[in-house]
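Note: the block below is target14.txt and it holds compact mmCIF, N, CA and C atoms and all ligand atoms.
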# COMPACT_ATOMS: atom_id res chain seq x y z
N MET A 1 240.68 36.54 -20.65
CA MET A 1 241.16 37.60 -19.77
C MET A 1 240.01 38.11 -18.91
N SER A 2 240.20 38.19 -17.63
CA SER A 2 239.13 38.66 -16.75
C SER A 2 238.99 40.17 -16.88
N SER A 3 237.87 40.68 -16.40
CA SER A 3 237.66 42.13 -16.51
C SER A 3 238.65 42.91 -15.66
N VAL A 4 239.14 42.27 -14.59
CA VAL A 4 240.13 42.95 -13.76
C VAL A 4 241.44 43.10 -14.53
N GLU A 5 241.82 42.05 -15.25
CA GLU A 5 243.05 42.11 -16.05
C GLU A 5 242.92 43.08 -17.21
N LYS A 6 241.73 43.14 -17.78
CA LYS A 6 241.48 44.07 -18.87
C LYS A 6 241.57 45.51 -18.37
N PHE A 7 241.12 45.67 -17.14
CA PHE A 7 241.06 46.99 -16.51
C PHE A 7 242.45 47.57 -16.36
N LEU A 8 243.40 46.70 -16.04
CA LEU A 8 244.74 47.15 -15.70
C LEU A 8 245.79 46.17 -16.21
N SER A 9 246.71 46.64 -17.04
CA SER A 9 247.78 45.76 -17.50
C SER A 9 248.85 45.64 -16.41
N PHE A 10 249.77 44.71 -16.61
CA PHE A 10 250.85 44.53 -15.62
C PHE A 10 251.64 45.83 -15.44
N ASP A 11 251.96 46.46 -16.57
CA ASP A 11 252.75 47.71 -16.50
C ASP A 11 252.00 48.81 -15.78
N GLU A 12 250.70 48.90 -16.06
CA GLU A 12 249.89 49.92 -15.40
C GLU A 12 249.86 49.67 -13.90
N GLU A 13 249.77 48.39 -13.55
CA GLU A 13 249.76 48.02 -12.13
C GLU A 13 251.05 48.48 -11.45
N GLN A 14 252.16 48.28 -12.14
CA GLN A 14 253.45 48.69 -11.58
C GLN A 14 253.51 50.21 -11.38
N GLU A 15 252.89 50.93 -12.28
CA GLU A 15 252.85 52.40 -12.14
C GLU A 15 252.06 52.79 -10.90
N ILE A 16 251.03 52.04 -10.61
CA ILE A 16 250.23 52.32 -9.41
C ILE A 16 251.05 52.03 -8.15
N VAL A 17 251.79 50.92 -8.18
CA VAL A 17 252.67 50.60 -7.05
C VAL A 17 253.65 51.74 -6.80
N GLN A 18 254.22 52.27 -7.89
CA GLN A 18 255.15 53.40 -7.75
C GLN A 18 254.46 54.63 -7.15
N ALA A 19 253.21 54.84 -7.54
CA ALA A 19 252.45 55.97 -6.99
C ALA A 19 252.23 55.79 -5.49
N ILE A 20 251.97 54.56 -5.07
CA ILE A 20 251.77 54.29 -3.64
C ILE A 20 253.07 54.58 -2.87
N ILE A 21 254.17 54.10 -3.42
CA ILE A 21 255.48 54.33 -2.77
C ILE A 21 255.74 55.84 -2.66
N LYS A 22 255.44 56.55 -3.74
CA LYS A 22 255.64 58.00 -3.75
C LYS A 22 254.72 58.69 -2.73
N ALA A 23 253.47 58.31 -2.72
CA ALA A 23 252.50 58.92 -1.79
C ALA A 23 252.92 58.69 -0.34
N GLU A 24 253.45 57.50 -0.07
CA GLU A 24 253.82 57.16 1.31
C GLU A 24 255.14 57.81 1.74
N ARG A 25 255.79 58.53 0.82
CA ARG A 25 256.96 59.31 1.22
C ARG A 25 256.53 60.61 1.90
N ASN A 26 255.26 60.95 1.74
CA ASN A 26 254.73 62.19 2.32
C ASN A 26 254.06 61.97 3.66
N THR A 27 253.66 60.76 3.92
CA THR A 27 252.81 60.52 5.08
C THR A 27 253.14 59.19 5.75
N SER A 28 252.86 59.13 7.05
CA SER A 28 253.01 57.85 7.75
C SER A 28 251.83 56.94 7.43
N GLY A 29 250.76 57.51 6.85
CA GLY A 29 249.59 56.72 6.48
C GLY A 29 249.94 55.65 5.46
N GLU A 30 249.16 54.59 5.44
CA GLU A 30 249.39 53.49 4.51
C GLU A 30 248.25 53.44 3.50
N ILE A 31 248.61 53.35 2.23
CA ILE A 31 247.60 53.34 1.18
C ILE A 31 247.63 52.00 0.46
N ARG A 32 246.44 51.42 0.28
CA ARG A 32 246.36 50.19 -0.51
C ARG A 32 245.25 50.30 -1.54
N VAL A 33 245.44 49.56 -2.64
CA VAL A 33 244.44 49.53 -3.71
C VAL A 33 243.99 48.09 -3.90
N HIS A 34 242.68 47.87 -3.88
CA HIS A 34 242.13 46.53 -4.14
C HIS A 34 241.17 46.63 -5.32
N ILE A 35 241.37 45.74 -6.29
CA ILE A 35 240.51 45.75 -7.47
C ILE A 35 239.89 44.37 -7.66
N GLU A 36 238.57 44.35 -7.86
CA GLU A 36 237.91 43.09 -8.17
C GLU A 36 236.78 43.34 -9.15
N ARG A 37 236.17 42.26 -9.59
CA ARG A 37 235.13 42.36 -10.62
C ARG A 37 233.86 42.98 -10.05
N THR A 38 233.32 42.31 -9.06
CA THR A 38 232.03 42.73 -8.53
C THR A 38 231.87 42.19 -7.11
N THR A 39 230.81 42.60 -6.45
CA THR A 39 230.51 42.06 -5.13
C THR A 39 229.01 41.94 -4.97
N GLU A 40 228.58 41.05 -4.08
CA GLU A 40 227.14 40.87 -3.89
C GLU A 40 226.62 41.71 -2.73
N ILE A 41 227.53 42.19 -1.90
CA ILE A 41 227.09 43.06 -0.81
C ILE A 41 227.33 44.52 -1.20
N SER A 42 226.96 45.45 -0.35
CA SER A 42 227.15 46.86 -0.72
C SER A 42 228.64 47.15 -0.86
N HIS A 43 228.97 48.10 -1.71
CA HIS A 43 230.39 48.37 -1.95
C HIS A 43 231.09 48.87 -0.71
N PHE A 44 230.37 49.62 0.09
CA PHE A 44 230.96 50.09 1.34
C PHE A 44 231.26 48.92 2.28
N ASP A 45 230.28 48.03 2.43
CA ASP A 45 230.48 46.86 3.30
C ASP A 45 231.62 45.98 2.79
N ARG A 46 231.67 45.84 1.49
CA ARG A 46 232.73 45.03 0.90
C ARG A 46 234.11 45.68 1.12
N ALA A 47 234.16 46.99 1.00
CA ALA A 47 235.43 47.70 1.24
C ALA A 47 235.89 47.44 2.68
N LEU A 48 234.94 47.50 3.58
CA LEU A 48 235.22 47.24 4.99
C LEU A 48 235.76 45.82 5.20
N GLU A 49 235.13 44.88 4.50
CA GLU A 49 235.53 43.49 4.60
C GLU A 49 236.96 43.29 4.06
N VAL A 50 237.23 43.88 2.90
CA VAL A 50 238.56 43.78 2.31
C VAL A 50 239.59 44.43 3.23
N PHE A 51 239.23 45.56 3.79
CA PHE A 51 240.10 46.27 4.72
C PHE A 51 240.55 45.34 5.85
N GLY A 52 239.60 44.59 6.38
CA GLY A 52 239.89 43.63 7.44
C GLY A 52 240.74 42.46 6.95
N LYS A 53 240.37 41.94 5.78
CA LYS A 53 241.09 40.80 5.20
C LYS A 53 242.55 41.12 4.95
N LEU A 54 242.80 42.34 4.52
CA LEU A 54 244.17 42.76 4.22
C LEU A 54 244.89 43.22 5.49
N LYS A 55 244.23 43.02 6.63
CA LYS A 55 244.78 43.41 7.93
C LYS A 55 245.21 44.88 7.96
N MET A 56 244.41 45.68 7.34
CA MET A 56 244.74 47.11 7.26
C MET A 56 244.41 47.85 8.55
N ASP A 57 243.70 47.16 9.44
CA ASP A 57 243.35 47.79 10.71
C ASP A 57 244.46 47.61 11.75
N ASN A 58 245.62 47.16 11.27
CA ASN A 58 246.72 46.82 12.17
C ASN A 58 247.84 47.86 12.23
N THR A 59 247.64 49.04 11.66
CA THR A 59 248.73 50.02 11.67
C THR A 59 248.78 50.73 13.02
N LYS A 60 249.97 51.20 13.35
CA LYS A 60 250.22 51.80 14.66
C LYS A 60 249.30 53.00 14.94
N GLN A 61 249.18 53.87 13.95
CA GLN A 61 248.35 55.06 14.15
C GLN A 61 246.93 54.90 13.60
N GLN A 62 246.61 53.68 13.21
CA GLN A 62 245.30 53.39 12.59
C GLN A 62 245.00 54.39 11.48
N ASN A 63 245.98 54.51 10.61
CA ASN A 63 245.85 55.52 9.55
C ASN A 63 246.04 54.94 8.15
N ALA A 64 245.52 53.75 7.95
CA ALA A 64 245.58 53.15 6.61
C ALA A 64 244.32 53.54 5.83
N VAL A 65 244.48 53.65 4.52
CA VAL A 65 243.32 53.92 3.68
C VAL A 65 243.29 52.96 2.50
N LEU A 66 242.09 52.44 2.26
CA LEU A 66 241.90 51.49 1.17
C LEU A 66 241.12 52.15 0.04
N ILE A 67 241.66 52.03 -1.17
CA ILE A 67 240.89 52.42 -2.35
C ILE A 67 240.38 51.13 -2.96
N TYR A 68 239.08 50.92 -2.83
CA TYR A 68 238.44 49.69 -3.29
C TYR A 68 237.70 49.96 -4.60
N ILE A 69 237.95 49.11 -5.59
CA ILE A 69 237.30 49.30 -6.90
C ILE A 69 236.62 48.02 -7.37
N ALA A 70 235.32 48.13 -7.70
CA ALA A 70 234.59 47.00 -8.31
C ALA A 70 234.39 47.34 -9.78
N VAL A 71 235.21 46.75 -10.63
CA VAL A 71 235.30 47.11 -12.04
C VAL A 71 233.96 46.98 -12.78
N ASP A 72 233.33 45.82 -12.69
CA ASP A 72 232.09 45.60 -13.45
C ASP A 72 230.95 46.47 -12.95
N ASP A 73 231.01 46.84 -11.70
CA ASP A 73 229.93 47.65 -11.11
C ASP A 73 230.15 49.15 -11.31
N HIS A 74 231.31 49.51 -11.83
CA HIS A 74 231.66 50.93 -11.99
C HIS A 74 231.54 51.67 -10.66
N GLN A 75 232.05 51.06 -9.61
CA GLN A 75 231.96 51.67 -8.29
C GLN A 75 233.32 51.64 -7.60
N PHE A 76 233.55 52.65 -6.78
CA PHE A 76 234.73 52.59 -5.93
C PHE A 76 234.42 53.23 -4.58
N VAL A 77 235.21 52.84 -3.58
CA VAL A 77 235.02 53.35 -2.22
C VAL A 77 236.40 53.70 -1.67
N ILE A 78 236.47 54.82 -0.98
CA ILE A 78 237.71 55.16 -0.27
C ILE A 78 237.41 54.99 1.20
N TYR A 79 238.11 54.06 1.82
CA TYR A 79 237.82 53.76 3.22
C TYR A 79 239.05 53.97 4.09
N GLY A 80 238.95 54.92 5.02
CA GLY A 80 240.06 55.20 5.92
C GLY A 80 239.79 54.66 7.31
N ASP A 81 240.86 54.33 8.01
CA ASP A 81 240.74 53.74 9.35
C ASP A 81 240.37 54.79 10.42
N LYS A 82 240.03 54.28 11.58
CA LYS A 82 239.59 55.09 12.73
C LYS A 82 240.48 56.28 13.04
N GLY A 83 241.79 56.02 13.05
CA GLY A 83 242.75 57.07 13.40
C GLY A 83 242.61 58.29 12.50
N ILE A 84 242.23 58.04 11.25
CA ILE A 84 242.04 59.13 10.30
C ILE A 84 240.71 59.83 10.61
N ASN A 85 239.66 59.03 10.73
CA ASN A 85 238.32 59.61 10.94
C ASN A 85 238.24 60.46 12.19
N GLU A 86 239.04 60.12 13.18
CA GLU A 86 239.02 60.88 14.43
C GLU A 86 239.52 62.31 14.27
N VAL A 87 240.38 62.54 13.29
CA VAL A 87 241.01 63.86 13.21
C VAL A 87 240.66 64.66 11.95
N VAL A 88 239.87 64.10 11.06
CA VAL A 88 239.58 64.83 9.82
C VAL A 88 238.09 65.17 9.72
N PRO A 89 237.75 66.19 8.90
CA PRO A 89 236.32 66.49 8.70
C PRO A 89 235.63 65.38 7.90
N ASP A 90 234.31 65.36 7.98
CA ASP A 90 233.52 64.31 7.33
C ASP A 90 233.76 64.22 5.82
N ASN A 91 233.99 65.35 5.21
CA ASN A 91 234.13 65.34 3.75
C ASN A 91 235.59 65.18 3.30
N PHE A 92 236.40 64.65 4.20
CA PHE A 92 237.84 64.55 3.97
C PHE A 92 238.22 63.93 2.63
N TRP A 93 237.52 62.89 2.22
CA TRP A 93 237.91 62.17 0.99
C TRP A 93 237.23 62.70 -0.27
N GLU A 94 236.41 63.74 -0.13
CA GLU A 94 235.69 64.27 -1.30
C GLU A 94 236.62 64.62 -2.46
N GLY A 95 237.69 65.34 -2.13
CA GLY A 95 238.63 65.77 -3.16
C GLY A 95 239.24 64.60 -3.90
N THR A 96 239.65 63.60 -3.15
CA THR A 96 240.25 62.40 -3.75
C THR A 96 239.21 61.68 -4.61
N LYS A 97 238.00 61.59 -4.06
CA LYS A 97 236.92 60.92 -4.77
C LYS A 97 236.63 61.62 -6.10
N ASN A 98 236.52 62.94 -6.06
CA ASN A 98 236.23 63.70 -7.28
C ASN A 98 237.32 63.56 -8.32
N THR A 99 238.56 63.62 -7.85
CA THR A 99 239.70 63.45 -8.75
C THR A 99 239.58 62.12 -9.50
N MET A 100 239.29 61.07 -8.77
CA MET A 100 239.19 59.74 -9.38
C MET A 100 237.99 59.65 -10.32
N GLN A 101 236.86 60.15 -9.82
CA GLN A 101 235.62 60.06 -10.60
C GLN A 101 235.75 60.74 -11.96
N ASN A 102 236.34 61.93 -11.96
CA ASN A 102 236.48 62.67 -13.21
C ASN A 102 237.31 61.90 -14.23
N LEU A 103 238.38 61.28 -13.78
CA LEU A 103 239.22 60.53 -14.70
C LEU A 103 238.55 59.21 -15.12
N PHE A 104 237.88 58.56 -14.20
CA PHE A 104 237.17 57.31 -14.52
C PHE A 104 236.10 57.57 -15.59
N LYS A 105 235.40 58.69 -15.43
CA LYS A 105 234.35 59.04 -16.40
C LYS A 105 234.90 59.16 -17.80
N ARG A 106 236.15 59.61 -17.90
CA ARG A 106 236.78 59.75 -19.21
C ARG A 106 237.45 58.45 -19.66
N GLY A 107 237.28 57.40 -18.85
CA GLY A 107 237.86 56.11 -19.20
C GLY A 107 239.33 56.01 -18.87
N GLU A 108 239.83 56.98 -18.11
CA GLU A 108 241.25 56.95 -17.75
C GLU A 108 241.43 56.29 -16.38
N PHE A 109 241.38 54.98 -16.39
CA PHE A 109 241.34 54.24 -15.13
C PHE A 109 242.67 54.27 -14.39
N LYS A 110 243.74 53.94 -15.11
CA LYS A 110 245.05 53.94 -14.44
C LYS A 110 245.35 55.31 -13.88
N GLN A 111 245.14 56.32 -14.69
CA GLN A 111 245.42 57.69 -14.28
C GLN A 111 244.55 58.07 -13.08
N GLY A 112 243.31 57.62 -13.11
CA GLY A 112 242.39 57.91 -12.01
C GLY A 112 242.89 57.32 -10.70
N ILE A 113 243.37 56.10 -10.75
CA ILE A 113 243.88 55.45 -9.53
C ILE A 113 245.16 56.14 -9.07
N ILE A 114 246.06 56.40 -10.00
CA ILE A 114 247.32 57.04 -9.64
C ILE A 114 247.08 58.41 -9.01
N LYS A 115 246.24 59.21 -9.65
CA LYS A 115 245.95 60.55 -9.11
C LYS A 115 245.25 60.43 -7.76
N GLY A 116 244.39 59.43 -7.63
CA GLY A 116 243.69 59.20 -6.36
C GLY A 116 244.66 58.86 -5.25
N VAL A 117 245.60 57.97 -5.54
CA VAL A 117 246.60 57.55 -4.56
C VAL A 117 247.45 58.75 -4.13
N LEU A 118 247.90 59.53 -5.11
CA LEU A 118 248.77 60.67 -4.79
C LEU A 118 248.01 61.73 -4.00
N LYS A 119 246.76 61.94 -4.38
CA LYS A 119 245.93 62.92 -3.68
C LYS A 119 245.68 62.45 -2.24
N ALA A 120 245.40 61.18 -2.07
CA ALA A 120 245.18 60.64 -0.72
C ALA A 120 246.44 60.87 0.13
N GLY A 121 247.60 60.68 -0.46
CA GLY A 121 248.87 60.90 0.26
C GLY A 121 249.02 62.35 0.67
N GLU A 122 248.67 63.25 -0.25
CA GLU A 122 248.74 64.69 0.02
C GLU A 122 247.80 65.07 1.17
N GLU A 123 246.60 64.54 1.11
CA GLU A 123 245.59 64.85 2.13
C GLU A 123 246.04 64.32 3.50
N LEU A 124 246.58 63.12 3.50
CA LEU A 124 246.99 62.49 4.76
C LEU A 124 248.18 63.21 5.39
N LYS A 125 249.01 63.76 4.54
CA LYS A 125 250.24 64.41 4.97
C LYS A 125 249.99 65.47 6.07
N GLU A 126 248.92 66.23 5.91
CA GLU A 126 248.62 67.28 6.88
C GLU A 126 248.40 66.75 8.29
N HIS A 127 247.74 65.63 8.37
CA HIS A 127 247.40 65.07 9.68
C HIS A 127 248.40 64.01 10.13
N PHE A 128 249.00 63.36 9.16
CA PHE A 128 249.95 62.27 9.46
C PHE A 128 251.22 62.45 8.63
N PRO A 129 252.02 63.46 8.99
CA PRO A 129 253.24 63.67 8.20
C PRO A 129 254.19 62.48 8.30
N TRP A 130 254.99 62.31 7.28
CA TRP A 130 256.00 61.27 7.30
C TRP A 130 257.03 61.63 8.36
N ASN A 131 257.57 60.65 9.06
CA ASN A 131 258.68 60.94 9.96
C ASN A 131 259.76 59.89 9.82
N ALA A 132 260.95 60.25 10.33
CA ALA A 132 262.15 59.46 10.05
C ALA A 132 262.04 58.00 10.50
N ASP A 133 261.27 57.74 11.54
CA ASP A 133 261.18 56.34 11.98
C ASP A 133 259.94 55.63 11.39
N ASP A 134 259.40 56.23 10.34
CA ASP A 134 258.24 55.62 9.70
C ASP A 134 258.59 54.27 9.09
N LYS A 135 257.64 53.35 9.21
CA LYS A 135 257.84 52.03 8.60
C LYS A 135 256.82 51.85 7.49
N ASP A 136 257.18 51.03 6.51
CA ASP A 136 256.20 50.65 5.50
C ASP A 136 255.42 49.48 6.09
N GLU A 137 254.29 49.80 6.68
CA GLU A 137 253.56 48.78 7.46
C GLU A 137 252.71 47.83 6.62
N LEU A 138 252.34 48.28 5.43
CA LEU A 138 251.51 47.43 4.58
C LEU A 138 252.10 47.38 3.18
N PRO A 139 252.00 46.21 2.53
CA PRO A 139 252.58 46.04 1.20
C PRO A 139 252.00 47.06 0.21
N ASN A 140 252.82 47.47 -0.75
CA ASN A 140 252.40 48.50 -1.69
C ASN A 140 251.78 47.93 -2.97
N GLU A 141 251.79 46.61 -3.11
CA GLU A 141 251.25 46.07 -4.36
C GLU A 141 249.72 46.12 -4.39
N VAL A 142 249.22 46.11 -5.62
CA VAL A 142 247.78 46.13 -5.84
C VAL A 142 247.22 44.76 -5.47
N SER A 143 246.15 44.76 -4.69
CA SER A 143 245.52 43.51 -4.29
C SER A 143 244.35 43.25 -5.25
N LYS A 144 244.20 42.00 -5.68
CA LYS A 144 243.12 41.69 -6.62
C LYS A 144 242.24 40.55 -6.11
N GLY A 145 240.95 40.74 -6.23
CA GLY A 145 240.02 39.75 -5.68
C GLY A 145 239.36 38.92 -6.75
CA CA A 201 254.14 54.07 6.79
CA CA A 202 252.83 50.73 2.27
Taking this structure as input, can you express it in the form of structure tokens?
Amino acid sequence: MSSVEKFLSFDEEQEIVQAIIKAERNTSGEIRVHIERTTEISHFDRALEVFGKLKMDNTKQQNAVLIYIAVDDHQFVIYGDKGINEVVPDNFWEGTKNTMQNLFKRGEFKQGIIKGVLKAGEELKEHFPWNADDKDELPNEVSKG
């Protein structure tokens, strides 16, 4: 079993998918989660790379956010697209980051991701409220590298 599979069971993964669906009911923003073992480049650069690979820069309002996790490195990055950065303060993701970090420290990984996803949705809601013609622009499943 790889460390990514150990990190998250199938059922836990499904719970995260449900959290993404729930979070996206509040906002037009798109949330994705990518989990992998490790990376050889900086975690920020890797998050950026994954963001591009998953074509997350293709949303209409450029308001997708990626929660990138490198399991073996004990690192994660929250990376939001241009459309978000243009309208939010620099410390916009601090709250989401802290929420996740606190739960990760206690070894509550699934809970940390779920709370992070929901918090990201709440934060995005203010700037990018959900509207009736909203589309689900990006798949809600967890991406694994
Ligand atoms: Ca959407
Ligand atoms: Ca989606």
Quick one: of A:Glu12, A:Ile78, A:Arg32, A:Asn98, who's nearest to Glu141 of chain A, counting all atoms listed in the file? A:Arg32
From A:Asp133, A:Glu126, A:Asp81, A:Glu94, residue lying nearest Ile31 of chain A [only C-alpha atoms]: A:Asp81
Give me, as CSV, each residue of chain A that comes within 6 Å of ligand CA 202 (chain A), together with its shortest interatomic pair and the distance in Å at one decimal, counting only C-alpha atoms and all ligand atoms, with rows ordered by chain and rising residue number.
residue,atom,partner,partner_atom,distance
A:Glu30,CA,A:CA202,CA,4.9
A:Ile31,CA,A:CA202,CA,5.9
A:Asp136,CA,A:CA202,CA,4.7
A:Glu137,CA,A:CA202,CA,5.6
A:Leu138,CA,A:CA202,CA,4.2
A:Pro139,CA,A:CA202,CA,4.8
A:Asn140,CA,A:CA202,CA,4.6
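Atom C of Asn26 of chain A is found 5.9 Å from atom C of Lys125 of chain A.
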Quick one: residues within 5 Å of Phe128 of chain A, all atoms listed in the file counted, chain neighbours fewer than 3 positions away excluded, as an MDAnalysis selection string? chainID A and resid 27:28 124:125
Which residues are close to Met56 of chain A, i.e. within 8 Å by all atoms listed in the file, leaving aside same-chain residues fewer than 6 positions away? Reply as a CSV table (one decimal) with N, CA and C atoms, in the frame of the given file.
chain,number,residue,atom,x,y,z
A,50,VAL,N,237.2,43.9,2.9
A,50,VAL,CA,238.6,43.8,2.3
A,50,VAL,C,239.6,44.4,3.2
A,62,GLN,N,246.6,53.7,13.2
A,62,GLN,CA,245.3,53.4,12.6
A,62,GLN,C,245.0,54.4,11.5
A,63,ASN,N,246.0,54.5,10.6
A,63,ASN,CA,245.8,55.5,9.6
A,63,ASN,C,246.0,54.9,8.2
A,64,ALA,N,245.5,53.8,8.0
A,64,ALA,CA,245.6,53.2,6.6
A,64,ALA,C,244.3,53.5,5.8
A,65,VAL,N,244.5,53.6,4.5
A,65,VAL,CA,243.3,53.9,3.7
A,65,VAL,C,243.3,53.0,2.5
A,66,LEU,N,242.1,52.4,2.3
A,66,LEU,CA,241.9,51.5,1.2
A,66,LEU,C,241.1,52.2,0.0
A,81,ASP,N,240.9,54.3,8.0
A,81,ASP,CA,240.7,53.7,9.4
A,81,ASP,C,240.4,54.8,10.4
A,138,LEU,N,252.3,48.3,5.4
A,138,LEU,CA,251.5,47.4,4.6
A,138,LEU,C,252.1,47.4,3.2
Contacts of Gln14 of chain A at 10 Å or less, counting only C-alpha atoms, minus same-chain residues fewer than 5 places along, as a list in words? Leu8, Ser9, Ala19, Ile20, Asn140, Glu141 and Val142 of chain A
Among chain A, which residues carry a DSSP assignment of alpha helix (DSSP H), reported as a VMD selection string? chain A and resid 3 to 7 10 to 23 43 to 53 82 to 85 94 to 105 109 to 127
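Coordinates place atom C of Ile41 of chain A at a distance of 25.8 Å from atom C of Ile16 of chain A.
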Report as a count of residues only: the residues of segment 21-122 of chain A with a DSSP assignment of strand (DSSP E or B), based on the backbone of this structure. 21
To one decimal place, how far is atom CA of Trp130 of chain A from atom CA of Gly95 of chain A in Å? 20.8 Å
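Closest approach to ligand CA 201 (chain A) among A:Arg106, A:Arg25, A:His43, A:Lys97: A:Arg25, based on only N, CA and C atoms and all ligand atoms.
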Env of Val71 of chain A: 6.5 Å cut, atoms = only N, CA and C atoms, seq-sep filter 3 positions within chain, self excluded. Answer as a count of residues only. 7
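Using only C-alpha atoms and all ligand atoms, the smallest distance between any of A:Gly52, A:Ala23, A:Gly83, A:Phe109 and ligand CA 201 (chain A) comes from A:Ala23.
Using only C-alpha atoms and all ligand atoms for every distance, the candidate list A:Val17, A:Ala132, A:Ile114, A:Val33 yields A:Ala132 as the residue closest to ligand CA 201 (chain A).
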Ranking A:Asn85, A:Gln61, A:Asn91, A:Gln101 by minimum distance to ligand CA 201 (chain A) and counting only C-alpha atoms and all ligand atoms, which one comes first? A:Gln61
